[in-house]
Amino acid sequence: MEPEGAEPAVAISTGTGDHASGTHISTDSSVTIRVARFTPRQGRSGRSASNPFASSSSPSPFGSRPGRPRGKRWTQEYRIQTAHEQTILDCLLQIKREQDPTLNFRYSCGHGMCGSDAVLINTTPTLLCTATVGDFAKVPAEETGHGGDQDRGFRRTGRTGAVQSRPEGPQPKRTGWLGVIDIKPLPGFTPLRDLIVDTDTMFDQIRRFHPYLRDDAEPDPDRENLQTPAQLSRFELLSNCIACGICEGSCPVYAGGEAFAGPAALIAASRFINDSRDGHSQERLDDINQEDGILACESVRACSRQCPRGIDVGEEMWQLVEAVNR
Amino acid sequence: MSPATIKSHYEAIIVGAGAAGMSAALSLSRSLRKNHHEGQETPSILVISKLQPLRSHTGSAEGGIAASLGNEEQDDWHWHYYDTIKGSDWLADQDAVRILASEARKTVIRLEHEGVAFSRREDGRIAQRKFGGHTSEFGGKPVKRAAYAADRIGHQILHALWQQCVQMGVTFAEEWYVTDLVLDGIKVPDTDSPAEEQRKDGEHESAPLTNPCAKARGLVVLDTHTGETHAISSDTIMLCTGGAGRLFHTTSNSWDLTGDGMALALKAGLQLEDIEFIQFHPTGLGHTGILLSEASRSEGGILRNSQGRAFMQDYAPGHGDLAARDVVSRSIMAEIDAGRGVADPKDPNGPRNCVWLDMRGIGEERMKTLLPQVYETIRRFADLDPTVDLIPIKPTAHYTMGGIPITTQGQVYKWADGRRCPVEGLYAAGECSCLSVHGANRLGGNSLLDACLFGTRAGEAMAEQVTSALSGKSTAQSGDTRSLEQTLATRRSVIDRILDDSPSESDHAQAPDTNPNGDTNAYQVMQTLGGVMEDAVAVRCDQKSIARAEEEVADLDQTAQGLKAHSPDAAFNHELTAIMEIDNLLTLSAAVLSASDSREESRGALFRRDHPERDDQHFLVHSMVDREGRVDWQPVHIVDMPPSGRQY
């Protein structure tokens, strides 16, 4: 199903109106949402490391390639009534209500704080709840030369320019048919079903570098540790990381975390390296000074571009490179 | 993260991994480690959560956590104690609030030690800001009591607690959904018993409750990754599942706050306390319901009506924009009703059901430093610039003051025969529970405090129970699990029915109209319910609006009982979970409506148009509602402060 460069011939079904958030926003525009879907084989085979029963059952059907679980894959299109300023999360929830309740994707807080809804929209790793229709809907045009199949190859190409900053392509109209939005699972992670990916690898990597303030001495229960605003500012931004995985999905080296612990884990490490209360900076630097630790970073800096918390991840990584070499 | 294998029995299980659940997990693990003897079996603990812990809604809390640290100016926990009681409209249990206020300092210091990146004063101590309803000298001038981390205190607390859980090696079962709470030996309560037979004031909490009327047996859980259900037995179970904002269409709550723990308790034959009290936060952003922290007002934001008037001075002289949340929400609605509301600029011709939040006086630099999250939310979701634009806001469903009744040790009880009858081995903490420290209205900054403090205390109580069980004083640990097995079988047949005959969506990838007959689905029902509850009881209600909603909820319940999933594949089938969530929401709605109907007065967050005055003579009591809608009444614990007026 590859309608390229034209309004899709089959409009699946059209929603009856905007119930997305009880708004009265006028919805005299529509958009086509194209979702990469996946159902794991036999429905019940989607075991992952976060399943405590995993080892007591039959071996994983995935073989040794975590990136390609078996199952049914297809692309599904939905045409919905919406508005320029609606979020893509609003759109997908509208689809669940009005057209297809079988569509699966993670979401929770709906305002960019929980970090659960990172996906790939067009060619941009981003959060469903902060991306808007206006940012991403684009009318396919032959001459722009991207979209469609070309996106497919993105995941493991390692091209440094692969991640586009929005807005992409021609600026969409504000009414009428706004164009197409492509949604795929976050790259670098194993898809489990539809847009849901296995985030266990990322959390394993984060845990690996001891991401917690160490409690060596019994602290005085009646006194806080002192920390000046200047000391706080050395790690405050890093502590805002929501572990959404977008930096990992943007990183051409990460790809599943086998050769690289990934930017999210290193940001977590850096948060404690820079916390004046911790006192284990050197140990922590030694921890990350490994082939698959900070040494695997190739300074591509794609990780900085889409961070929803505004962390300059690439610069932080560079600081860590300098620190371990000091 | 999750273990490689799971057992059919755990010494302790915690359901929910937000501030309360992880505080409990930490204190439980630490206490057990401290009590551990060489050669003794290490107790097994499991934390079950329907989300990866860092996705929990605690992370959305913005403004602060209240404690009389006195870092900024003189403060005293007695003042915090008084403010909380007054804020509760005198419905809070004073023995519990005493603990809340007096142990707040210890709690905040502990959180700092866990790693929370609090904002700091130049001298290195934790910075504090003003928050609505927090005063000095028992109702005097506003005091800086809320410890904060810019406007991301919840995120900081959630992450620090998770980090320490990682250090302690706490075992999580993530994206598991608890479908059933199984208790043994519960007796039908005698609802005719006179409520007056309570113990005398002041004797309430010191001794543990005796003569349990039921006992924790175990849980039935759905592993959403595999779609398989399991029975897990435990003699020590804790519910920390958060609130139920999704009862309402306009809410600041995440999509996961479907009142699961409260509904589990109701379905297990327990009651909910004061569940009619639901706080509407005054400043939800326009029609999105996304929260703009109270800090936006404490840092200088002013509410204005369509004429530009700072109307809060008219409703709460002296407190103005920082009056208690229920007062501010009702004042906003009064302005809107009087025709002085404004339309959302996104929809200039739409209903004038907002008022303005004027933050222009705060200054760009200060706003970006102190309110980065508020600033960003407004820029992103309203496409407005709060340094130059007026921001449309309306009240948004924010917090359930009521919940599963617990003692100050986190022990769940049932109110029967005029006494607290404990459910042995069942604990709760956080928003799903009711102590009650918030009474009819919660003060800002007290929810994180409640969750962290009483979560910790409940964890300690659980540790005590586990330790004494391991040292041999145990009641039969393997026990009789027939009731659990039976519940598992029933649940499996329900899930089979839900998944039965569903077309496989991968079978018709080319024709994915899964809604050919216009049949409904859980997501539609949830949306409809949100509208029904909003119309009926949001901010204001009366007997008629409640009765209408009761009918509609009953209809929706009929619909919900017939809901089926549209895909037969059980693994990662979110619609299957949603069908069970809507069932929980409907169960809870009925309880909220029954309790609201029974309380024929206005108090705190509950405003009855047909009973606009507070009535201490008849209703200075906690409602205790069960699944059948029967309402019993439990006296308020009044220790130090006799009820008086509540002017702001």
# chains A, B, ... in the order shown; residues from 1 in each chain; ligands from 1

call {"tool": "select_by_dssp", "arguments": {"residues": "stretch 175-295 of chain A", "states": "helix (DSSP H, G or I)", "output": "PyMOL selection string"}}
result
chain A and resi 200-208+229-233+238-240+246-250+263-273+281-288+294-295

call {"tool": "residues_around", "arguments": {"residues": "B:Leu390", "least_positions_apart": "4", "cutoff": "8 Å", "atoms": "only C-alpha atoms", "output": "list in words"}}
result
Trp356, Leu357, Asp358, Met359, Arg360 and Pro386 of chain B

call {"tool": "select_by_dssp", "arguments": {"residues": "stretch 50-194 of chain B", "states": "strand (DSSP E)", "output": "list in words"}}
result
Ile65, Ala66, Gln128, Arg129, Lys130, Phe131, Gly132, Gly133, His134, Thr135, Pro142, Val143, Lys144, Arg145, Ala146, Ala147, Phe172, Ala173, Glu174, Trp176, Tyr177, Val178, Thr179, Asp180, Leu181, Val182, Leu183 and Asp184 of chain B

call {"tool": "write_last_selection", "arguments": {"atoms": "N, CA and C atoms", "output": "PDB file, in the first residue's frame"}}
result
ATOM      1  N   ILE B  65       6.116  20.711  47.196  1.00  0.00           N
ATOM      2  CA  ILE B  65       5.732  19.808  48.279  1.00  0.00           C
ATOM      3  C   ILE B  65       5.828  20.606  49.574  1.00  0.00           C
ATOM      4  N   ALA B  66       4.725  20.601  50.315  1.00  0.00           N
ATOM      5  CA  ALA B  66       4.629  21.503  51.467  1.00  0.00           C
ATOM      6  C   ALA B  66       5.345  20.942  52.686  1.00  0.00           C
ATOM      7  N   GLN B 128      11.815  27.722  48.847  1.00  0.00           N
ATOM      8  CA  GLN B 128      10.383  27.515  49.080  1.00  0.00           C
ATOM      9  C   GLN B 128       9.583  28.679  48.522  1.00  0.00           C
ATOM     10  N   ARG B 129       8.367  28.377  48.110  1.00  0.00           N
ATOM     11  CA  ARG B 129       7.494  29.420  47.553  1.00  0.00           C
ATOM     12  C   ARG B 129       6.128  29.384  48.231  1.00  0.00           C
ATOM     13  N   LYS B 130       5.381  30.475  48.011  1.00  0.00           N
ATOM     14  CA  LYS B 130       4.013  30.530  48.539  1.00  0.00           C
ATOM     15  C   LYS B 130       3.124  29.578  47.749  1.00  0.00           C
ATOM     16  N   PHE B 131       2.102  29.097  48.409  1.00  0.00           N
ATOM     17  CA  PHE B 131       1.125  28.250  47.747  1.00  0.00           C
ATOM     18  C   PHE B 131      -0.232  28.524  48.366  1.00  0.00           C
ATOM     19  N   GLY B 132      -1.282  28.330  47.601  1.00  0.00           N
ATOM     20  CA  GLY B 132      -2.622  28.680  48.053  1.00  0.00           C
ATOM     21  C   GLY B 132      -2.977  28.043  49.388  1.00  0.00           C
ATOM     22  N   GLY B 133      -3.504  28.845  50.307  1.00  0.00           N
ATOM     23  CA  GLY B 133      -4.005  28.331  51.577  1.00  0.00           C
ATOM     24  C   GLY B 133      -2.952  28.120  52.642  1.00  0.00           C
ATOM     25  N   HIS B 134      -1.679  28.290  52.308  1.00  0.00           N
ATOM     26  CA  HIS B 134      -0.618  28.114  53.312  1.00  0.00           C
ATOM     27  C   HIS B 134      -0.265  29.471  53.927  1.00  0.00           C
ATOM     28  N   THR B 135      -0.453  29.567  55.234  1.00  0.00           N
ATOM     29  CA  THR B 135      -0.312  30.859  55.906  1.00  0.00           C
ATOM     30  C   THR B 135       0.555  30.734  57.157  1.00  0.00           C
ATOM     31  N   PRO B 142       0.218  34.918  53.787  1.00  0.00           N
ATOM     32  CA  PRO B 142       0.752  33.751  53.076  1.00  0.00           C
ATOM     33  C   PRO B 142       2.213  33.504  53.439  1.00  0.00           C
ATOM     34  N   VAL B 143       2.586  32.225  53.531  1.00  0.00           N
ATOM     35  CA  VAL B 143       3.948  31.875  53.920  1.00  0.00           C
ATOM     36  C   VAL B 143       4.582  31.001  52.830  1.00  0.00           C
ATOM     37  N   LYS B 144       5.879  31.122  52.666  1.00  0.00           N
ATOM     38  CA  LYS B 144       6.603  30.311  51.679  1.00  0.00           C
ATOM     39  C   LYS B 144       6.873  28.934  52.275  1.00  0.00           C
ATOM     40  N   ARG B 145       6.028  27.982  51.928  1.00  0.00           N
ATOM     41  CA  ARG B 145       6.110  26.655  52.546  1.00  0.00           C
ATOM     42  C   ARG B 145       6.346  25.547  51.523  1.00  0.00           C
ATOM     43  N   ALA B 146       6.080  25.815  50.249  1.00  0.00           N
ATOM     44  CA  ALA B 146       6.200  24.748  49.246  1.00  0.00           C
ATOM     45  C   ALA B 146       7.636  24.657  48.737  1.00  0.00           C
ATOM     46  N   ALA B 147       8.302  23.549  49.075  1.00  0.00           N
ATOM     47  CA  ALA B 147       9.630  23.281  48.514  1.00  0.00           C
ATOM     48  C   ALA B 147       9.437  22.895  47.054  1.00  0.00           C
ATOM     49  N   PHE B 172      10.297  -4.931  39.635  1.00  0.00           N
ATOM     50  CA  PHE B 172       9.066  -4.390  39.049  1.00  0.00           C
ATOM     51  C   PHE B 172       8.506  -5.359  38.013  1.00  0.00           C
ATOM     52  N   ALA B 173       7.206  -5.479  37.977  1.00  0.00           N
ATOM     53  CA  ALA B 173       6.529  -6.130  36.851  1.00  0.00           C
ATOM     54  C   ALA B 173       5.802  -5.008  36.123  1.00  0.00           C
ATOM     55  N   GLU B 174       6.341  -4.617  34.990  1.00  0.00           N
ATOM     56  CA  GLU B 174       5.871  -3.414  34.311  1.00  0.00           C
ATOM     57  C   GLU B 174       4.832  -3.736  33.246  1.00  0.00           C
ATOM     58  N   TRP B 176       1.829  -4.458  33.685  1.00  0.00           N
ATOM     59  CA  TRP B 176       0.907  -5.488  34.160  1.00  0.00           C
ATOM     60  C   TRP B 176      -0.308  -4.770  34.713  1.00  0.00           C
ATOM     61  N   TYR B 177      -1.445  -5.346  34.485  1.00  0.00           N
ATOM     62  CA  TYR B 177      -2.684  -4.709  34.915  1.00  0.00           C
ATOM     63  C   TYR B 177      -3.387  -5.627  35.916  1.00  0.00           C
ATOM     64  N   VAL B 178      -3.639  -5.102  37.100  1.00  0.00           N
ATOM     65  CA  VAL B 178      -4.316  -5.914  38.115  1.00  0.00           C
ATOM     66  C   VAL B 178      -5.809  -5.908  37.818  1.00  0.00           C
ATOM     67  N   THR B 179      -6.366  -7.094  37.615  1.00  0.00           N
ATOM     68  CA  THR B 179      -7.784  -7.181  37.260  1.00  0.00           C
ATOM     69  C   THR B 179      -8.661  -7.472  38.478  1.00  0.00           C
ATOM     70  N   ASP B 180      -8.083  -8.138  39.478  1.00  0.00           N
ATOM     71  CA  ASP B 180      -8.900  -8.500  40.634  1.00  0.00           C
ATOM     72  C   ASP B 180      -8.082  -8.467  41.918  1.00  0.00           C
ATOM     73  N   LEU B 181      -8.714  -7.965  42.943  1.00  0.00           N
ATOM     74  CA  LEU B 181      -8.166  -8.037  44.296  1.00  0.00           C
ATOM     75  C   LEU B 181      -8.992  -9.090  45.024  1.00  0.00           C
ATOM     76  N   VAL B 182      -8.306 -10.085  45.576  1.00  0.00           N
ATOM     77  CA  VAL B 182      -9.037 -11.175  46.223  1.00  0.00           C
ATOM     78  C   VAL B 182      -8.815 -11.115  47.737  1.00  0.00           C
ATOM     79  N   LEU B 183      -9.922 -11.041  48.458  1.00  0.00           N
ATOM     80  CA  LEU B 183      -9.884 -11.048  49.919  1.00  0.00           C
ATOM     81  C   LEU B 183     -10.610 -12.299  50.402  1.00  0.00           C
ATOM     82  N   ASP B 184     -10.198 -12.782  51.541  1.00  0.00           N
ATOM     83  CA  ASP B 184     -10.902 -13.916  52.128  1.00  0.00           C
ATOM     84  C   ASP B 184     -11.661 -13.467  53.365  1.00  0.00           C
TER      85      ASP B 184
END

call {"tool": "residues_around", "arguments": {"residues": "stretch 603-607 of chain B", "least_positions_apart": "2", "cutoff": "8 Å", "atoms": "only C-alpha atoms", "output": "count of residues only"}}
result
23

call {"tool": "residues_around", "arguments": {"residues": "stretch 195-202 of chain A", "least_positions_apart": "6", "cutoff": "8 Å", "atoms": "only C-alpha atoms", "output": "VMD selection string"}}
result
(chain A and resid 36 to 38 48 to 50 104 to 106 119 184 to 186 189 245 256 to 257 261 to 262 264 to 265) or (chain B and resid 1)

call {"tool": "atom_distance", "arguments": {"atom1": "atom CA of A:Gln76", "atom2": "atom CA of A:Arg41"}}
result
18.1 Å

call {"tool": "closest_residue", "arguments": {"among": "B:Leu32, B:Ile14, B:Leu54, B:Leu291", "to": "B:Leu470", "atoms": "only C-alpha atoms"}}
result
B:Leu32

call {"tool": "residues_around", "arguments": {"residues": "stretch 260-266 of chain B", "least_positions_apart": "4", "cutoff": "7 Å", "atoms": "only C-alpha atoms", "output": "short mmCIF file (atom, residue, chain, number, x, y, z; two decimals) with C-alpha atoms, in the first residue's frame"}}
result
data_model
loop_
_atom_site.label_atom_id
_atom_site.label_comp_id
_atom_site.auth_asym_id
_atom_site.auth_seq_id
_atom_site.Cartn_x
_atom_site.Cartn_y
_atom_site.Cartn_z
CA ASP B 180 -8.90 -8.50 40.63
CA LEU B 181 -8.17 -8.04 44.30
CA LEU B 239 -2.68 -0.42 46.53
CA THR B 241 -2.86 3.25 41.99
CA LEU B 270 -14.85 -2.68 50.56
CA GLN B 271 -15.98 0.93 50.82
CA GLY B 403 -10.54 6.91 48.33
CA ILE B 404 -9.82 3.61 50.01
CA CYS B 432 -6.23 6.18 45.76
CA GLU B 581 -10.63 0.39 32.74
CA ASN B 584 -13.63 0.45 36.75
CA THR B 587 -18.08 1.28 39.07
CA LEU B 588 -16.43 4.31 40.57
CA ASP B 626 -19.92 0.61 48.94
CA ARG B 627 -20.51 -0.93 45.54
#

call {"tool": "residues_around", "arguments": {"residues": "stretch 365-379 of chain B", "least_positions_apart": "6", "cutoff": "7 Å", "atoms": "only C-alpha atoms", "output": "NGL selection string"}}
result
:B and (150-151 or 292-293 or 296 or 385-386)

call {"tool": "closest_residue", "arguments": {"among": "B:Ser483, B:Gln52, B:Ser27, B:Thr229", "to": "A:Ala243", "atoms": "only C-alpha atoms"}}
result
B:Gln52

call {"tool": "residues_around", "arguments": {"residues": "A:Cys303", "least_positions_apart": "2", "cutoff": "6 Å", "atoms": "only C-alpha atoms", "output": "PyMOL selection string"}}
result
chain A and resi 247+250-251+301+305+313-314

call {"tool": "decode", "arguments": {"residues": "stretch 88-130 of chain A", "atoms": "N, CA and C atoms", "output": "PDB file, in the first residue's frame"}}
result
ATOM      1  N   ILE A  88      -0.767  15.109  17.260  1.00  0.00           N
ATOM      2  CA  ILE A  88      -0.899  13.813  16.585  1.00  0.00           C
ATOM      3  C   ILE A  88      -1.475  12.789  17.554  1.00  0.00           C
ATOM      4  N   LEU A  89      -1.188  12.949  18.851  1.00  0.00           N
ATOM      5  CA  LEU A  89      -1.827  12.065  19.832  1.00  0.00           C
ATOM      6  C   LEU A  89      -3.347  12.228  19.767  1.00  0.00           C
ATOM      7  N   ASP A  90      -3.830  13.480  19.700  1.00  0.00           N
ATOM      8  CA  ASP A  90      -5.273  13.704  19.547  1.00  0.00           C
ATOM      9  C   ASP A  90      -5.800  12.915  18.351  1.00  0.00           C
ATOM     10  N   CYS A  91      -5.045  12.969  17.250  1.00  0.00           N
ATOM     11  CA  CYS A  91      -5.480  12.283  16.023  1.00  0.00           C
ATOM     12  C   CYS A  91      -5.586  10.777  16.240  1.00  0.00           C
ATOM     13  N   LEU A  92      -4.565  10.188  16.860  1.00  0.00           N
ATOM     14  CA  LEU A  92      -4.585   8.736  17.046  1.00  0.00           C
ATOM     15  C   LEU A  92      -5.688   8.318  18.015  1.00  0.00           C
ATOM     16  N   LEU A  93      -5.943   9.148  19.032  1.00  0.00           N
ATOM     17  CA  LEU A  93      -7.037   8.825  19.960  1.00  0.00           C
ATOM     18  C   LEU A  93      -8.382   8.924  19.248  1.00  0.00           C
ATOM     19  N   GLN A  94      -8.478   9.898  18.369  1.00  0.00           N
ATOM     20  CA  GLN A  94      -9.699  10.040  17.566  1.00  0.00           C
ATOM     21  C   GLN A  94      -9.897   8.796  16.690  1.00  0.00           C
ATOM     22  N   ILE A  95      -8.812   8.311  16.122  1.00  0.00           N
ATOM     23  CA  ILE A  95      -8.893   7.096  15.309  1.00  0.00           C
ATOM     24  C   ILE A  95      -9.363   5.912  16.153  1.00  0.00           C
ATOM     25  N   LYS A  96      -8.821   5.795  17.356  1.00  0.00           N
ATOM     26  CA  LYS A  96      -9.236   4.690  18.225  1.00  0.00           C
ATOM     27  C   LYS A  96     -10.735   4.762  18.524  1.00  0.00           C
ATOM     28  N   ARG A  97     -11.214   5.976  18.771  1.00  0.00           N
ATOM     29  CA  ARG A  97     -12.637   6.128  19.107  1.00  0.00           C
ATOM     30  C   ARG A  97     -13.536   5.913  17.904  1.00  0.00           C
ATOM     31  N   GLU A  98     -13.142   6.486  16.784  1.00  0.00           N
ATOM     32  CA  GLU A  98     -14.086   6.592  15.671  1.00  0.00           C
ATOM     33  C   GLU A  98     -13.904   5.529  14.598  1.00  0.00           C
ATOM     34  N   GLN A  99     -12.691   5.003  14.466  1.00  0.00           N
ATOM     35  CA  GLN A  99     -12.465   4.117  13.338  1.00  0.00           C
ATOM     36  C   GLN A  99     -11.871   2.769  13.712  1.00  0.00           C
ATOM     37  N   ASP A 100     -10.858   2.778  14.543  1.00  0.00           N
ATOM     38  CA  ASP A 100     -10.122   1.547  14.722  1.00  0.00           C
ATOM     39  C   ASP A 100      -9.548   1.420  16.141  1.00  0.00           C
ATOM     40  N   PRO A 101     -10.320   0.784  17.028  1.00  0.00           N
ATOM     41  CA  PRO A 101      -9.834   0.646  18.408  1.00  0.00           C
ATOM     42  C   PRO A 101      -8.689  -0.346  18.546  1.00  0.00           C
ATOM     43  N   THR A 102      -8.297  -1.003  17.465  1.00  0.00           N
ATOM     44  CA  THR A 102      -7.230  -1.999  17.585  1.00  0.00           C
ATOM     45  C   THR A 102      -5.834  -1.400  17.453  1.00  0.00           C
ATOM     46  N   LEU A 103      -5.781  -0.118  17.148  1.00  0.00           N
ATOM     47  CA  LEU A 103      -4.474   0.526  16.984  1.00  0.00           C
ATOM     48  C   LEU A 103      -3.801   0.684  18.350  1.00  0.00           C
ATOM     49  N   ASN A 104      -2.566   0.182  18.451  1.00  0.00           N
ATOM     50  CA  ASN A 104      -1.882   0.190  19.754  1.00  0.00           C
ATOM     51  C   ASN A 104      -0.677   1.112  19.762  1.00  0.00           C
ATOM     52  N   PHE A 105      -0.627   1.961  20.757  1.00  0.00           N
ATOM     53  CA  PHE A 105       0.517   2.853  20.948  1.00  0.00           C
ATOM     54  C   PHE A 105       0.513   3.275  22.408  1.00  0.00           C
ATOM     55  N   ARG A 106       1.689   3.571  22.937  1.00  0.00           N
ATOM     56  CA  ARG A 106       1.748   4.012  24.329  1.00  0.00           C
ATOM     57  C   ARG A 106       1.468   5.514  24.402  1.00  0.00           C
ATOM     58  N   TYR A 107       0.791   5.912  25.454  1.00  0.00           N
ATOM     59  CA  TYR A 107       0.583   7.331  25.736  1.00  0.00           C
ATOM     60  C   TYR A 107       0.123   7.406  27.171  1.00  0.00           C
ATOM     61  N   SER A 108       0.402   8.517  27.837  1.00  0.00           N
ATOM     62  CA  SER A 108      -0.129   8.623  29.199  1.00  0.00           C
ATOM     63  C   SER A 108      -0.462  10.060  29.559  1.00  0.00           C
ATOM     64  N   CYS A 109       0.544  10.885  29.859  1.00  0.00           N
ATOM     65  CA  CYS A 109       0.203  12.203  30.414  1.00  0.00           C
ATOM     66  C   CYS A 109      -0.386  13.153  29.371  1.00  0.00           C
ATOM     67  N   GLY A 110       0.026  12.998  28.122  1.00  0.00           N
ATOM     68  CA  GLY A 110      -0.537  13.835  27.066  1.00  0.00           C
ATOM     69  C   GLY A 110       0.047  15.229  26.982  1.00  0.00           C
ATOM     70  N   HIS A 111       1.064  15.533  27.803  1.00  0.00           N
ATOM     71  CA  HIS A 111       1.650  16.859  27.659  1.00  0.00           C
ATOM     72  C   HIS A 111       3.173  16.863  27.776  1.00  0.00           C
ATOM     73  N   GLY A 112       3.781  15.804  27.316  1.00  0.00           N
ATOM     74  CA  GLY A 112       5.231  15.838  27.158  1.00  0.00           C
ATOM     75  C   GLY A 112       6.049  15.610  28.407  1.00  0.00           C
ATOM     76  N   MET A 113       5.438  15.087  29.473  1.00  0.00           N
ATOM     77  CA  MET A 113       6.209  14.880  30.700  1.00  0.00           C
ATOM     78  C   MET A 113       6.516  13.414  31.000  1.00  0.00           C
ATOM     79  N   CYS A 114       5.683  12.490  30.518  1.00  0.00           N
ATOM     80  CA  CYS A 114       5.877  11.100  30.954  1.00  0.00           C
ATOM     81  C   CYS A 114       6.866  10.351  30.074  1.00  0.00           C
ATOM     82  N   GLY A 115       7.046  10.806  28.858  1.00  0.00           N
ATOM     83  CA  GLY A 115       8.054  10.190  27.989  1.00  0.00           C
ATOM     84  C   GLY A 115       7.649   8.872  27.370  1.00  0.00           C
ATOM     85  N   SER A 116       6.358   8.530  27.406  1.00  0.00           N
ATOM     86  CA  SER A 116       5.965   7.191  26.943  1.00  0.00           C
ATOM     87  C   SER A 116       5.669   7.118  25.456  1.00  0.00           C
ATOM     88  N   ASP A 117       5.472   8.255  24.788  1.00  0.00           N
ATOM     89  CA  ASP A 117       4.898   8.180  23.443  1.00  0.00           C
ATOM     90  C   ASP A 117       5.836   8.634  22.321  1.00  0.00           C
ATOM     91  N   ALA A 118       7.106   8.254  22.446  1.00  0.00           N
ATOM     92  CA  ALA A 118       8.049   8.574  21.371  1.00  0.00           C
ATOM     93  C   ALA A 118       7.836   7.639  20.183  1.00  0.00           C
ATOM     94  N   VAL A 119       7.760   8.216  19.009  1.00  0.00           N
ATOM     95  CA  VAL A 119       7.608   7.449  17.761  1.00  0.00           C
ATOM     96  C   VAL A 119       8.389   8.175  16.672  1.00  0.00           C
ATOM     97  N   LEU A 120       8.341   7.620  15.480  1.00  0.00           N
ATOM     98  CA  LEU A 120       8.938   8.303  14.332  1.00  0.00           C
ATOM     99  C   LEU A 120       7.809   8.894  13.497  1.00  0.00           C
ATOM    100  N   ILE A 121       7.768  10.220  13.405  1.00  0.00           N
ATOM    101  CA  ILE A 121       6.746  10.859  12.577  1.00  0.00           C
ATOM    102  C   ILE A 121       7.438  11.419  11.336  1.00  0.00           C
ATOM    103  N   ASN A 122       6.987  10.982  10.196  1.00  0.00           N
ATOM    104  CA  ASN A 122       7.704  11.228   8.946  1.00  0.00           C
ATOM    105  C   ASN A 122       9.144  10.755   9.152  1.00  0.00           C
ATOM    106  N   THR A 123      10.105  11.646   9.208  1.00  0.00           N
ATOM    107  CA  THR A 123      11.463  11.167   9.458  1.00  0.00           C
ATOM    108  C   THR A 123      12.009  11.683  10.785  1.00  0.00           C
ATOM    109  N   THR A 124      11.090  12.172  11.643  1.00  0.00           N
ATOM    110  CA  THR A 124      11.525  12.808  12.884  1.00  0.00           C
ATOM    111  C   THR A 124      11.140  11.989  14.102  1.00  0.00           C
ATOM    112  N   PRO A 125      12.101  11.581  14.921  1.00  0.00           N
ATOM    113  CA  PRO A 125      11.737  10.956  16.197  1.00  0.00           C
ATOM    114  C   PRO A 125      11.178  12.040  17.116  1.00  0.00           C
ATOM    115  N   THR A 126       9.978  11.850  17.615  1.00  0.00           N
ATOM    116  CA  THR A 126       9.355  12.893  18.438  1.00  0.00           C
ATOM    117  C   THR A 126       8.236  12.294  19.272  1.00  0.00           C
ATOM    118  N   LEU A 127       7.641  13.108  20.158  1.00  0.00           N
ATOM    119  CA  LEU A 127       6.549  12.645  21.004  1.00  0.00           C
ATOM    120  C   LEU A 127       5.213  12.887  20.308  1.00  0.00           C
ATOM    121  N   LEU A 128       4.337  11.910  20.372  1.00  0.00           N
ATOM    122  CA  LEU A 128       3.009  12.056  19.754  1.00  0.00           C
ATOM    123  C   LEU A 128       2.256  13.254  20.332  1.00  0.00           C
ATOM    124  N   CYS A 129       2.431  13.495  21.624  1.00  0.00           N
ATOM    125  CA  CYS A 129       1.578  14.485  22.290  1.00  0.00           C
ATOM    126  C   CYS A 129       2.054  15.918  22.084  1.00  0.00           C
ATOM    127  N   THR A 130       3.277  16.099  21.610  1.00  0.00           N
ATOM    128  CA  THR A 130       3.740  17.469  21.391  1.00  0.00           C
ATOM    129  C   THR A 130       3.818  17.813  19.914  1.00  0.00           C
TER     130      THR A 130
END
